[in-house]
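*Asks:* my_file-v2.cif is reproduced in full below (mmCIF, C-alpha atoms).
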```cif
data_my_file
loop_
_atom_site.label_atom_id
_atom_site.label_comp_id
_atom_site.auth_asym_id
_atom_site.auth_seq_id
_atom_site.Cartn_x
_atom_site.Cartn_y
_atom_site.Cartn_z
CA MET M 184 -22.54 10.09 13.39
CA GLU M 185 -23.50 13.76 13.44
CA ALA M 186 -25.25 15.45 10.52
CA PHE M 187 -23.14 15.03 7.40
CA ASP M 188 -23.39 17.66 4.66
CA ALA M 189 -22.62 15.64 1.53
CA ARG M 190 -23.27 18.32 -1.09
CA VAL M 191 -19.60 18.59 -2.18
CA PRO M 192 -18.53 15.75 -4.51
CA ALA M 193 -15.28 13.83 -4.02
CA LEU M 194 -12.65 12.42 -6.38
CA VAL M 195 -10.72 9.34 -5.26
CA LEU M 196 -7.46 9.37 -7.21
CA ARG M 197 -5.16 6.43 -7.91
CA LEU M 198 -2.39 6.30 -10.51
CA ASP M 199 -0.97 2.83 -9.92
CA ARG M 200 -2.24 0.02 -12.15
CA ASN M 201 -3.12 -2.50 -9.45
CA PRO M 202 -6.75 -3.62 -10.01
CA PHE M 203 -6.81 -5.21 -6.54
CA HIS M 204 -6.17 -2.02 -4.54
CA HIS M 205 -8.88 -2.42 -1.92
CA GLY M 206 -8.14 0.93 -0.27
CA THR M 207 -9.71 2.70 -3.26
CA LEU M 208 -12.90 0.72 -2.79
CA GLY M 209 -12.84 1.51 0.93
CA ALA M 210 -12.73 5.25 0.23
CA VAL M 211 -15.56 5.01 -2.32
CA ARG M 212 -17.75 3.10 0.14
CA SER M 213 -16.92 5.32 3.10
CA LEU M 214 -18.01 8.53 1.38
CA GLY M 215 -20.73 6.96 -0.76
CA ARG M 216 -22.51 5.56 2.27
CA ALA M 217 -22.57 9.08 3.70
CA GLY M 218 -24.39 10.30 0.57
CA VAL M 219 -21.41 11.93 -1.18
CA GLU M 220 -21.28 11.86 -4.98
CA VAL M 221 -18.03 9.90 -5.43
CA HIS M 222 -15.90 9.83 -8.56
CA ALA M 223 -12.72 7.76 -8.97
CA VAL M 224 -9.73 7.73 -11.28
CA VAL M 225 -8.91 4.03 -11.73
CA GLU M 226 -6.68 1.91 -13.93
CA SER M 227 -9.49 0.95 -16.36
CA ALA M 228 -13.24 0.78 -16.77
CA ALA M 229 -12.99 -2.94 -15.90
CA SER M 230 -11.69 -2.19 -12.38
CA PRO M 231 -13.65 -4.01 -9.64
CA VAL M 232 -14.06 -0.60 -7.95
CA ALA M 233 -16.13 0.53 -10.94
CA ARG M 234 -18.79 -2.01 -9.98
CA SER M 235 -19.52 -0.39 -6.63
CA ARG M 236 -23.03 0.96 -6.16
CA TYR M 237 -21.48 3.86 -4.23
CA LEU M 238 -19.39 5.09 -7.17
CA HIS M 239 -21.10 7.79 -9.20
CA ARG M 240 -18.63 7.59 -12.08
CA ALA M 241 -15.31 5.91 -12.90
CA HIS M 242 -12.73 7.90 -14.86
CA PRO M 243 -10.11 5.57 -16.41
CA ARG M 244 -6.65 7.09 -16.13
CA THR M 245 -5.27 8.46 -19.36
CA ARG M 246 -2.04 7.34 -21.00
CA GLY M 247 0.98 8.99 -19.43
CA ALA M 248 -1.06 10.35 -16.50
CA ASP M 249 1.81 9.59 -14.10
CA GLU M 250 3.84 12.35 -15.79
CA ALA M 251 3.47 15.82 -14.28
CA GLY M 252 1.97 17.71 -17.24
CA ALA M 253 -0.44 14.96 -18.27
CA PHE M 254 -1.45 14.45 -14.63
CA THR M 255 -2.68 18.01 -14.23
CA GLU M 256 -4.48 18.03 -17.56
CA MET M 257 -6.24 14.77 -16.68
CA LEU M 258 -7.50 16.17 -13.38
CA LEU M 259 -8.73 19.34 -15.04
CA ARG M 260 -10.68 17.27 -17.58
CA VAL M 261 -12.17 15.14 -14.79
CA SER M 262 -13.13 18.33 -12.97
CA ASP M 263 -14.97 19.50 -16.09
CA ARG M 264 -16.98 16.26 -16.05
CA ILE M 265 -17.78 16.58 -12.35
CA GLY M 266 -18.96 20.13 -12.97
CA ARG M 267 -18.13 21.66 -9.56
CA ARG M 268 -15.34 21.85 -7.05
CA ALA M 269 -14.62 18.52 -5.34
CA VAL M 270 -12.59 17.09 -2.47
CA LEU M 271 -9.51 15.32 -3.86
CA ILE M 272 -8.21 12.21 -2.07
CA ALA M 273 -4.91 10.75 -3.32
CA MET M 274 -4.71 6.99 -2.69
CA ASP M 275 -1.12 6.20 -3.73
CA ASP M 276 2.25 7.87 -3.23
CA LEU M 277 2.66 9.18 -6.77
CA SER M 278 -0.81 10.73 -6.73
CA ALA M 279 -0.03 12.45 -3.43
CA ILE M 280 3.35 13.71 -4.70
CA HIS M 281 1.93 15.12 -7.94
CA THR M 282 -1.10 16.63 -6.17
CA ALA M 283 1.07 18.58 -3.72
CA ALA M 284 3.47 19.67 -6.46
CA HIS M 285 0.65 21.08 -8.61
CA ALA M 286 -1.64 22.25 -5.83
CA PRO M 287 -1.62 25.95 -6.90
CA ARG M 288 -3.14 25.03 -10.24
CA LEU M 289 -5.51 22.41 -8.81
CA ARG M 290 -6.96 24.43 -5.92
CA GLU M 291 -9.39 26.27 -8.16
CA ARG M 292 -11.04 22.92 -8.91
CA TYR M 293 -10.33 20.82 -5.82
CA LEU M 294 -10.25 21.06 -2.03
CA LEU M 295 -6.82 19.94 -0.75
CA PRO M 296 -4.87 19.93 2.54
CA GLU M 297 -2.34 22.74 2.96
CA LEU M 298 1.07 21.16 2.38
CA PRO M 299 4.54 22.27 1.29
CA ALA M 300 4.92 21.15 -2.33
CA GLY M 301 7.82 18.76 -1.75
CA LEU M 302 6.79 17.27 1.60
CA PRO M 303 4.88 14.17 0.37
CA GLY M 304 7.86 13.27 -1.82
CA ARG M 305 10.27 13.60 1.12
CA LEU M 306 8.11 11.36 3.30
CA ALA M 307 7.60 8.72 0.61
CA ASP M 308 11.29 8.67 -0.38
CA LYS M 309 12.73 5.68 1.49
CA ALA M 310 16.23 7.18 1.45
CA GLN M 311 15.17 10.56 2.88
CA LEU M 312 13.06 9.00 5.61
CA ALA M 313 16.14 8.09 7.64
CA ASP M 314 17.13 11.78 7.82
CA LEU M 315 13.60 12.82 8.77
CA CYS M 316 13.56 10.25 11.57
CA ALA M 317 16.92 11.46 12.85
CA GLY M 318 15.65 15.04 12.93
CA ALA M 319 12.45 14.06 14.73
CA GLY M 320 14.18 11.72 17.20
CA ILE M 321 12.35 8.62 15.93
CA ALA M 322 13.99 5.20 15.84
CA HIS M 323 14.76 3.93 12.33
CA PRO M 324 16.69 0.86 11.11
CA GLU M 325 20.35 1.52 10.35
CA THR M 326 20.42 2.37 6.64
CA VAL M 327 23.13 2.62 3.98
CA VAL M 328 22.61 4.24 0.56
CA PRO M 329 25.53 2.88 -1.50
CA ASP M 330 26.90 4.87 -4.44
CA THR M 331 28.54 1.90 -6.19
CA PRO M 332 28.00 -1.87 -6.43
CA ALA M 333 31.18 -2.33 -4.38
CA GLU M 334 29.74 -0.17 -1.60
CA ALA M 335 26.56 -2.24 -1.74
CA ALA M 336 28.57 -5.41 -1.19
CA ASP M 337 30.55 -3.72 1.58
CA ALA M 338 27.31 -2.74 3.34
CA VAL M 339 26.67 -6.43 3.91
CA ARG M 340 29.75 -6.60 6.11
CA ARG M 341 28.55 -3.55 8.03
CA LEU M 342 24.90 -4.50 8.45
CA GLY M 343 25.13 -8.28 8.49
CA LEU M 344 22.95 -10.86 6.75
CA PRO M 345 20.17 -11.03 5.92
CA LEU M 346 19.45 -7.38 5.19
CA VAL M 347 16.58 -5.52 3.59
CA ALA M 348 16.96 -3.84 0.20
CA LYS M 349 14.52 -1.10 -0.87
CA TRP M 350 14.22 1.21 -3.83
CA SER M 351 13.94 4.81 -2.71
CA HIS M 352 11.10 5.60 -5.17
CA PRO M 353 9.13 2.33 -5.41
CA TRP M 354 6.33 4.01 -7.36
CA LEU M 355 8.67 4.18 -10.37
CA LEU M 356 8.97 0.38 -10.62
CA THR M 357 7.08 -1.22 -13.47
CA PRO M 358 6.18 -4.92 -13.90
CA ALA M 359 8.61 -5.11 -16.83
CA THR M 360 11.60 -4.62 -14.48
CA GLY M 361 10.87 -7.80 -12.52
CA LEU M 362 11.94 -5.91 -9.38
CA ARG M 363 10.12 -5.76 -6.07
CA SER M 364 10.02 -2.62 -3.95
CA THR M 365 11.43 -4.57 -0.98
CA THR M 366 13.75 -7.60 -1.12
CA LEU M 367 15.48 -9.72 1.49
CA VAL M 368 19.19 -9.93 0.56
CA THR M 369 21.22 -12.95 1.69
CA SER M 370 24.66 -12.41 0.12
CA PRO M 371 27.10 -9.64 -0.94
CA ALA M 372 26.69 -10.76 -4.56
CA ALA M 373 22.93 -10.24 -4.37
CA ALA M 374 23.41 -6.72 -2.96
CA ARG M 375 25.85 -5.90 -5.73
CA ALA M 376 23.53 -7.29 -8.42
CA LEU M 377 20.59 -5.25 -7.14
CA HIS M 378 22.61 -2.04 -7.16
CA GLU M 379 23.53 -2.68 -10.78
CA ARG M 380 19.79 -2.61 -11.59
CA GLY M 381 19.44 0.97 -10.32
CA ARG M 382 19.01 2.47 -13.76
CA THR M 383 16.22 0.00 -14.50
CA ALA M 384 14.53 0.74 -11.16
CA GLY M 385 14.68 4.50 -11.73
CA SER M 386 15.78 5.32 -8.17
CA ARG M 387 18.50 4.69 -5.61
CA LEU M 388 18.96 1.45 -3.70
CA LEU M 389 19.11 1.52 0.06
CA LEU M 390 20.12 -1.30 2.38
CA GLN M 391 18.74 -1.63 5.90
CA ARG M 392 19.64 -3.71 8.91
CA TYR M 393 17.15 -6.56 9.18
CA LEU M 394 14.99 -6.64 12.31
CA PRO M 395 14.36 -10.33 13.13
CA ASP M 396 10.90 -11.83 12.98
CA ALA M 397 9.14 -12.32 16.29
CA PRO M 398 5.52 -12.69 17.40
CA HIS M 399 3.56 -9.46 17.03
CA THR M 400 6.45 -7.56 15.47
CA ASP M 401 4.77 -5.50 12.71
CA TRP M 402 2.63 -2.47 13.49
CA PHE M 403 1.06 0.42 11.62
CA PHE M 404 -0.52 3.79 12.25
CA HIS M 405 -3.16 5.73 10.31
CA GLY M 406 -4.19 9.27 11.10
CA TYR M 407 -5.75 12.41 9.70
CA PHE M 408 -3.94 15.53 10.93
CA SER M 409 -5.18 19.10 10.70
CA GLY M 410 -4.21 22.50 12.04
CA ASP M 411 -0.97 24.08 13.12
CA GLY M 412 -0.78 21.86 16.23
CA PRO M 413 -1.27 19.50 14.52
CA VAL M 414 -4.21 17.51 15.89
CA CYS M 415 -5.03 13.91 14.99
CA LEU M 416 -8.77 13.96 14.25
CA ALA M 417 -9.17 10.29 13.29
CA GLY M 418 -7.17 7.07 13.15
CA GLY M 419 -5.21 4.82 15.47
CA SER M 420 -2.53 2.16 15.75
CA GLY M 421 -2.81 -1.49 14.81
CA ARG M 422 -0.91 -4.75 14.67
CA LYS M 423 -0.28 -6.68 11.47
CA GLU M 424 -1.24 -10.34 11.92
CA LEU M 425 -0.89 -11.51 8.31
CA SER M 426 0.93 -9.87 5.41
CA TRP M 427 1.39 -10.48 1.70
CA PRO M 428 4.07 -11.07 0.57
CA THR M 429 4.94 -12.54 3.97
CA ARG M 430 7.28 -10.47 6.15
CA THR M 431 7.60 -7.55 3.71
CA GLY M 432 4.13 -6.97 2.29
CA LEU M 433 0.83 -5.20 2.86
CA THR M 434 -1.58 -5.96 5.68
CA ALA M 435 -3.67 -9.02 4.84
CA LYS M 436 -5.11 -9.16 8.36
CA GLY M 437 -4.76 -6.48 11.00
CA ARG M 438 -6.18 -5.66 14.42
CA TRP M 439 -6.85 -2.28 16.05
CA HIS M 440 -4.54 -2.26 19.04
CA PRO M 441 -3.80 1.02 20.87
CA ASN M 442 -0.04 1.54 21.24
CA PRO M 443 0.95 4.83 22.93
CA GLU M 444 4.60 4.54 21.84
CA ILE M 445 3.69 4.32 18.16
CA GLU M 446 1.04 7.02 18.38
CA GLU M 447 3.49 9.38 20.09
CA ALA M 448 6.12 8.73 17.40
CA ALA M 449 3.57 9.51 14.69
CA LEU M 450 2.65 12.82 16.30
CA ARG M 451 6.33 13.69 16.72
CA LEU M 452 7.02 13.09 13.01
CA VAL M 453 4.00 15.12 11.91
CA SER M 454 4.96 18.01 14.19
CA HIS M 455 8.57 17.92 12.98
CA VAL M 456 7.74 18.16 9.26
CA GLY M 457 4.53 20.21 9.49
CA TYR M 458 2.36 17.62 7.78
CA GLN M 459 -1.40 17.99 7.28
CA GLY M 460 -3.61 15.33 5.76
CA ILE M 461 -3.83 11.55 5.91
CA LEU M 462 -0.68 9.65 6.88
CA ASP M 463 0.07 5.90 6.89
CA LEU M 464 3.12 4.67 8.86
CA ASP M 465 4.68 1.20 9.20
CA PHE M 466 6.67 0.19 12.27
CA ARG M 467 8.58 -2.91 13.33
CA ARG M 468 9.46 -3.74 16.90
CA ASP M 469 13.17 -4.15 17.55
CA ALA M 470 13.14 -6.72 20.34
CA ALA M 471 16.85 -6.31 21.06
CA ALA M 472 16.56 -2.54 21.58
CA GLY M 473 13.07 -2.65 23.06
CA THR M 474 11.73 0.02 20.70
CA TYR M 475 9.59 0.47 17.59
CA ARG M 476 11.42 1.55 14.44
CA LEU M 477 9.68 3.46 11.66
CA LEU M 478 10.08 1.61 8.36
CA ASP M 479 7.88 3.55 5.91
CA ALA M 480 5.88 6.76 5.75
CA ASN M 481 3.15 7.15 3.15
CA PRO M 482 1.46 10.55 2.61
CA ARG M 483 -1.97 9.07 1.88
CA PRO M 484 -4.45 6.50 3.26
CA GLY M 485 -3.17 2.98 3.75
CA ALA M 486 -5.16 0.26 2.03
CA GLN M 487 -6.47 -0.99 5.41
CA PHE M 488 -7.58 2.46 6.68
CA ARG M 489 -11.16 1.23 7.20
CA LEU M 490 -9.93 -0.77 10.20
CA PHE M 491 -9.97 2.52 12.13
CA THR M 492 -13.69 3.24 11.80
CA ASP M 493 -15.47 4.35 14.94
CA PRO M 494 -19.08 3.44 15.85
CA GLY M 495 -20.35 6.57 14.11
CA GLY M 496 -18.63 5.68 10.82
CA LEU M 497 -15.76 8.18 11.19
CA ASP M 498 -12.51 7.16 9.49
CA VAL M 499 -9.57 9.15 8.13
CA VAL M 500 -11.20 9.68 4.72
CA ARG M 501 -14.44 11.00 6.20
CA ALA M 502 -12.47 13.19 8.60
CA LEU M 503 -10.58 14.73 5.68
CA TYR M 504 -13.83 15.33 3.79
CA LEU M 505 -15.53 16.98 6.77
CA ASP M 506 -12.52 19.12 7.57
CA LEU M 507 -11.92 20.34 4.01
CA THR M 508 -15.61 21.18 3.53
CA GLY M 509 -15.64 23.31 6.69
CA GLN M 510 -17.64 20.91 8.85
CA ARG M 511 -16.88 19.91 12.41
CA VAL M 512 -15.13 16.57 12.75
CA PRO M 513 -16.81 14.70 15.64
CA ARG M 514 -14.64 13.44 18.46
CA ARG M 515 -13.43 9.95 17.58
CA SER M 516 -14.22 6.85 19.63
CA ASP M 517 -11.71 3.98 19.64
CA ARG M 518 -12.77 0.40 18.89
CA PRO M 519 -9.87 -1.78 20.11
CA GLY M 520 -9.95 -5.37 18.89
CA ARG M 521 -11.63 -4.52 15.58
CA VAL M 522 -10.21 -6.63 12.72
CA PHE M 523 -9.54 -5.88 9.05
CA VAL M 524 -9.18 -8.69 6.48
CA ALA M 525 -8.20 -8.39 2.80
CA GLU M 526 -9.74 -11.68 1.71
CA ASN M 527 -7.57 -12.45 -1.32
CA TYR M 528 -4.25 -11.60 0.32
CA ALA M 529 -5.16 -13.19 3.67
CA LEU M 530 -5.88 -16.48 1.89
CA LEU M 531 -2.50 -16.45 0.15
CA SER M 532 -0.67 -15.50 3.34
CA ALA M 533 -2.37 -18.20 5.39
CA VAL M 534 -1.58 -20.88 2.81
CA VAL M 535 2.09 -19.89 2.62
CA SER M 536 2.36 -19.71 6.42
CA VAL M 537 1.02 -23.27 6.76
CA ARG M 538 3.32 -24.49 3.99
CA ASP M 539 6.38 -22.87 5.59
CA ARG M 540 5.62 -24.43 8.98
CA GLY M 541 5.30 -27.84 7.35
CA PRO M 542 2.79 -30.65 8.02
CA GLY M 543 2.19 -31.48 11.63
CA VAL M 544 4.10 -28.46 12.92
CA ARG M 545 2.08 -26.50 15.41
CA ASP M 546 2.30 -22.71 15.66
CA THR M 547 3.68 -22.24 19.18
CA ARG M 548 3.67 -18.46 19.21
CA PRO M 549 1.97 -17.18 22.37
CA GLU M 550 -1.54 -15.88 21.96
CA PRO M 551 -1.49 -12.12 22.58
CA ARG M 552 -3.40 -10.75 25.53
CA ARG M 553 -6.59 -9.48 23.98
CA PRO M 554 -7.65 -5.88 24.48
CA VAL M 555 -11.02 -4.97 25.90
CA ALA M 556 -13.71 -6.38 23.64
CA ARG M 557 -15.56 -3.06 23.36
CA GLY M 558 -16.64 -2.41 19.79
CA GLU M 559 -15.04 -5.46 18.21
CA GLY M 560 -16.02 -6.31 14.66
CA VAL M 561 -14.61 -7.42 11.33
CA GLU M 562 -14.16 -5.17 8.28
CA THR M 563 -13.58 -7.05 5.03
CA ALA M 564 -11.80 -5.30 2.19
CA TRP M 565 -13.97 -6.58 -0.64
CA PHE M 566 -17.16 -8.27 0.54
CA ALA M 567 -20.04 -6.10 1.73
CA GLY M 568 -23.66 -7.16 1.95
CA ASP M 569 -24.83 -3.76 0.73
CA ASP M 570 -22.31 -3.69 -2.16
CA PRO M 571 -21.53 -7.24 -3.40
CA LEU M 572 -20.54 -6.64 -7.03
CA PRO M 573 -16.92 -5.45 -6.41
CA PHE M 574 -16.22 -8.69 -4.50
CA LEU M 575 -17.58 -10.78 -7.37
CA ALA M 576 -15.59 -8.78 -9.94
CA MET M 577 -12.42 -9.07 -7.86
CA THR M 578 -12.85 -12.83 -7.44
CA ARG M 579 -13.36 -13.33 -11.17
CA ALA M 580 -10.31 -11.22 -12.03
CA TRP M 581 -8.20 -12.86 -9.29
CA LEU M 582 -9.03 -16.39 -10.48
CA GLY M 583 -8.46 -15.35 -14.08
CA ARG M 584 -5.00 -14.03 -13.23
CA GLY M 585 -4.17 -17.23 -11.35
CA LEU M 586 -5.28 -19.35 -14.28
CA ALA M 587 -3.24 -17.26 -16.71
CA LYS M 588 -0.13 -17.71 -14.55
CA ALA M 589 -0.71 -21.46 -14.34
CA VAL M 590 -1.08 -21.73 -18.12
CA HIS M 591 2.07 -19.67 -18.57
CA ARG M 592 4.03 -22.00 -16.27
CA VAL M 593 2.83 -25.09 -18.14
CA ARG M 594 3.76 -23.59 -21.50
CA THR M 595 7.16 -22.51 -20.22
CA ALA M 596 7.82 -25.97 -18.79
CA ALA M 597 6.69 -27.62 -22.00
CA ARG M 598 8.95 -25.40 -24.08
CA ALA M 599 11.90 -26.17 -21.81
CA ALA M 600 11.15 -29.89 -21.93
CA ARG M 601 11.08 -29.90 -25.71
CA GLY M 602 14.60 -28.57 -25.56
CA THR M 603 15.82 -31.24 -23.14
CA GLY M 604 13.73 -34.23 -24.16
CA VAL M 605 12.06 -34.49 -20.72
CA PRO M 606 8.34 -35.36 -21.03
CA VAL M 607 5.86 -33.03 -19.34
CA ALA M 608 2.49 -34.24 -18.06
CA GLY M 609 -0.30 -32.87 -20.17
CA ALA M 610 1.98 -31.67 -22.96
CA PRO M 611 1.40 -33.21 -26.42
CA PRO M 612 4.22 -35.42 -27.74
CA ARG M 613 6.48 -33.58 -30.14
CA GLN M 614 9.66 -34.22 -32.02
CA ARG M 615 12.69 -32.93 -30.20
CA GLU M 616 13.61 -29.46 -31.34
CA PRO M 617 16.56 -27.21 -30.53
CA ALA M 618 15.92 -25.09 -27.45
CA ASP M 619 14.71 -21.61 -28.31
CA SER M 620 16.84 -19.77 -25.78
CA THR M 621 15.58 -16.34 -26.74
CA SER M 622 11.93 -17.26 -26.32
CA ASP M 623 12.61 -19.14 -23.09
CA THR M 624 14.49 -16.21 -21.59
CA GLY M 625 11.66 -13.89 -22.54
CA ASP M 626 9.12 -16.11 -20.84
CA ARG M 627 11.17 -16.28 -17.67
CA ALA M 628 11.42 -12.51 -17.64
CA THR M 629 7.67 -12.24 -18.06
CA ASP M 630 7.18 -14.71 -15.22
CA ARG M 631 9.36 -12.66 -12.92
CA ALA M 632 7.67 -9.43 -13.94
CA SER M 633 4.24 -10.82 -13.13
CA GLY M 634 5.40 -11.68 -9.62
CA THR M 635 5.20 -15.44 -10.02
#
```
As structure tokens, please, write out the structure in this file.

*Replies:*
Amino acid sequence: MEAFDARVPALVLRLDRNPFHHGTLGAVRSLGRAGVEVHAVVESAASPVARSRYLHRAHPRTRGADEAGAFTEMLLRVSDRIGRRAVLIAMDDLSAIHTAAHAPRLRERYLLPELPAGLPGRLADKAQLADLCAGAGIAHPETVVPDTPAEAADAVRRLGLPLVAKWSHPWLLTPATGLRSTTLVTSPAAARALHERGRTAGSRLLLQRYLPDAPHTDWFFHGYFSGDGPVCLAGGSGRKELSWPTRTGLTAKGRWHPNPEIEEAALRLVSHVGYQGILDLDFRRDAAAGTYRLLDANPRPGAQFRLFTDPGGLDVVRALYLDLTGQRVPRRSDRPGRVFVAENYALLSAVVSVRDRGPGVRDTRPEPRRPVARGEGVETAWFAGDDPLPFLAMTRAWLGRGLAKAVHRVRTAARAARGTGVPVAGAPPRQREPADSTSDTGDRATDRASGT
């Protein structure tokens, strides 16, 4: 890569509480390896990201930082600790939305892309995305935003089953709600029940026509856009090979695969809305219509952005840093065939895929025609020979969470068995007691909220 002036520090910002967000670590490593002094706002001092040798300092998020006033005050305090103006990189939707909304106050302390204040929120809003796609002439799944539970049930008759349910502002969901951002709905009653949870979710429910599974259906695009054109200075398109949760989740394994149709749709959307900065888009191929439909738009780096790293080390985060600090962004070089693996999620996805196929059932999906092997390589989300401690910290935390869930299940089963008289292996013998329905219900709610 060309000479890299790393004198300006950077702040990697994340408001969500997920300790396993590997995109944050990717941003820290990308800039840290270039010699940048990297700071990060993370969920706690125990975050695996905080163990990276490339992180200068971790700044645990303060209580209530996801609220507008507290958000700005937190960033001003972090700026005081950094001691000079820094490049700000938002890593989740809420961070991007708040950053754009409060940009006038933050620009004295941070370097930011030029964006209309409400644009990141419009892109991230799942309900508004359908209108943006219509205006830009981009294919999007047929979507209904019901106003009442009855309309939600009626949408089933219009869209058919199964259908996809999404909350328009998924960043407002908390573990206590037990709700997922995306759910596969299989009955009118389920659609009605979800709509009735709208107040708990904090945003509107939308229902989308389901695009059937098929080999090589899910695709994504990452890009950094700058200028009035705008011009894509870094990034590319890729195919999702494993996801977690399966069918509706993040990329557990992905491959860099140039796709002109997806890349053209991304440029059309950016030109239509006047977006500048890093953008992450998810597409699904509609085999019946022979087109790619845009499912989600995220105004920040996707967690797998490091897949699109050229031989000189240029990725969307480095491109943003160079551009905002007034440096020339070198011309990108594609590396088709390059693979990204999020080790923890890929393991879960592979296990579930084998289980769902059943013993002795062979995967008969056709092997895709491989692109030219130029520049192939594998980028792992967590493990790096030059920075091993985050991987070790993640593994310890991941196994600890799994053990805690297993213990919770055993205790819940034992409590239920005491109420029914059914013995449970490993549970000490006890006298039969009346079922504690309140406690049992609470445990089930906790189980759902933890995603188990």

*Asks:* Just say which residues the PyMOL selection byres ((chain M and resi 185-196) around 9) picks in this file, as a ChimeraX atom specification.

*Replies:* /M:184,197-198,207,210-211,214,217-225,261-262,265,267-275,278-279,293,495,504-505,508,510,512-513

*Asks:* State, in Å with one decimal place, the distance from atom CA of M:Leu342 to atom CA of M:Ala373.

*Replies:* 14.2 Å

*Asks:* Assuming the chain letters and numbering stay as they are in my file, what does the PyMOL selection byres ((chain M and resi 281) around 9) actually select? List them as a VMD selection string.

*Replies:* chain M and resid 249 to 251 254 to 255 276 to 280 282 to 286 300 303 to 304

*Asks:* Go through M:Leu497, M:Ala471, M:Ala480, M:Leu312 one by one, measure the shortest atom-to-atom distance of each to M:Gly419 using all atoms listed in the file, and give the residue with the smallest value.

*Replies:*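 Smallest distance to M:Gly419 is found for M:Leu497.
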
*Asks:* Please build the interface table for stretch 237-316 of chain M against stretch 350-370 of chain M with a cut-off of 6 Å, listing for each qualifying residue the nearest atom pair and the distance in Å to one decimal; count all atoms listed in the file, order rows by chain and increasing number, and write it as a Markdown table.

*Replies:*
```
| residue | atom | partner | partner_atom | distance |
| --- | --- | --- | --- | --- |
| M:Asp308 | CA | M:Ser351 | CA | 5.2 |
| M:Lys309 | CA | M:Ser351 | CA | 4.5 |
| M:Ala310 | CA | M:Ser351 | CA | 5.3 |
```

*Asks:* Taking all atoms listed in the file into account, name the residue in M:Pro395, M:Pro519, M:Gly437, M:Gly457 that is nearest to M:Thr563.

*Replies:*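 That would be M:Gly437, the residue with the smallest distance to M:Thr563.
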
*Asks:* Would you translate the PyMOL selection byres ((chain M and resi 468) around 12) into the concrete set of residues it matches in this file, as an NGL selection string?

*Replies:* :M and (322-324 or 393-403 or 422-423 or 442 or 444-445 or 465-467 or 469-478)

*Asks:* Return the single residue from M:Cys316, M:Val537, M:Ala335, M:Asn527 that is closest to M:Phe574, with distances computed using all atoms listed in the file.

*Replies:*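 Residue with the minimum atom-to-atom distance to M:Phe574: M:Asn527.
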
*Asks:* Kindly give the distance, in Å, that separates atom CA of M:His591 and atom CA of M:Phe203, rounded to a single decimal.

*Replies:* 20.8 Å

*Asks:* What gap, in Å, lies between atom CA of M:Ala564 and atom CA of M:Arg212?

*Replies:*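 Computed distance, atom CA of M:Ala564 to atom CA of M:Arg212, equals 10.5 Å.
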
*Asks:* May I have the protein, DNA and RNA residues with any atom at most 12 Å from the point (-5.1, -10.6, -12.6), counting only C-alpha atoms, written as a PyMOL selection string?

*Replies:* chain M and resi 200-204+229-231+527+576-589+633-635

*Asks:* Check the smallest atom-to-atom distance from each of M:Leu433, M:His378, M:Asp199, M:Arg236 to M:Gly568 using only C-alpha atoms, then report the winner.

*Replies:* M:Arg236

*Asks:* So that all listed atoms of stretch 485-501 of chain M fit with 5 Å spare on each side, what axis-aligned box centre and edge lengths in Å, to one decimal, would you give as lines of an AutoDock Vina configuration file?

*Replies:*
```
center_x = -11.8
center_y = 5.0
center_z = 8.9
size_x = 27.2
size_y = 22.0
size_z = 23.8
```

*Asks:* Here is a test: counting all atoms listed in the file, which residue of M:Phe566, M:Tyr528, M:Phe404, M:Phe491 is nearest to M:Thr434?

*Replies:*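 Using all atoms listed in the file, the shortest distance to M:Thr434 belongs to M:Tyr528.
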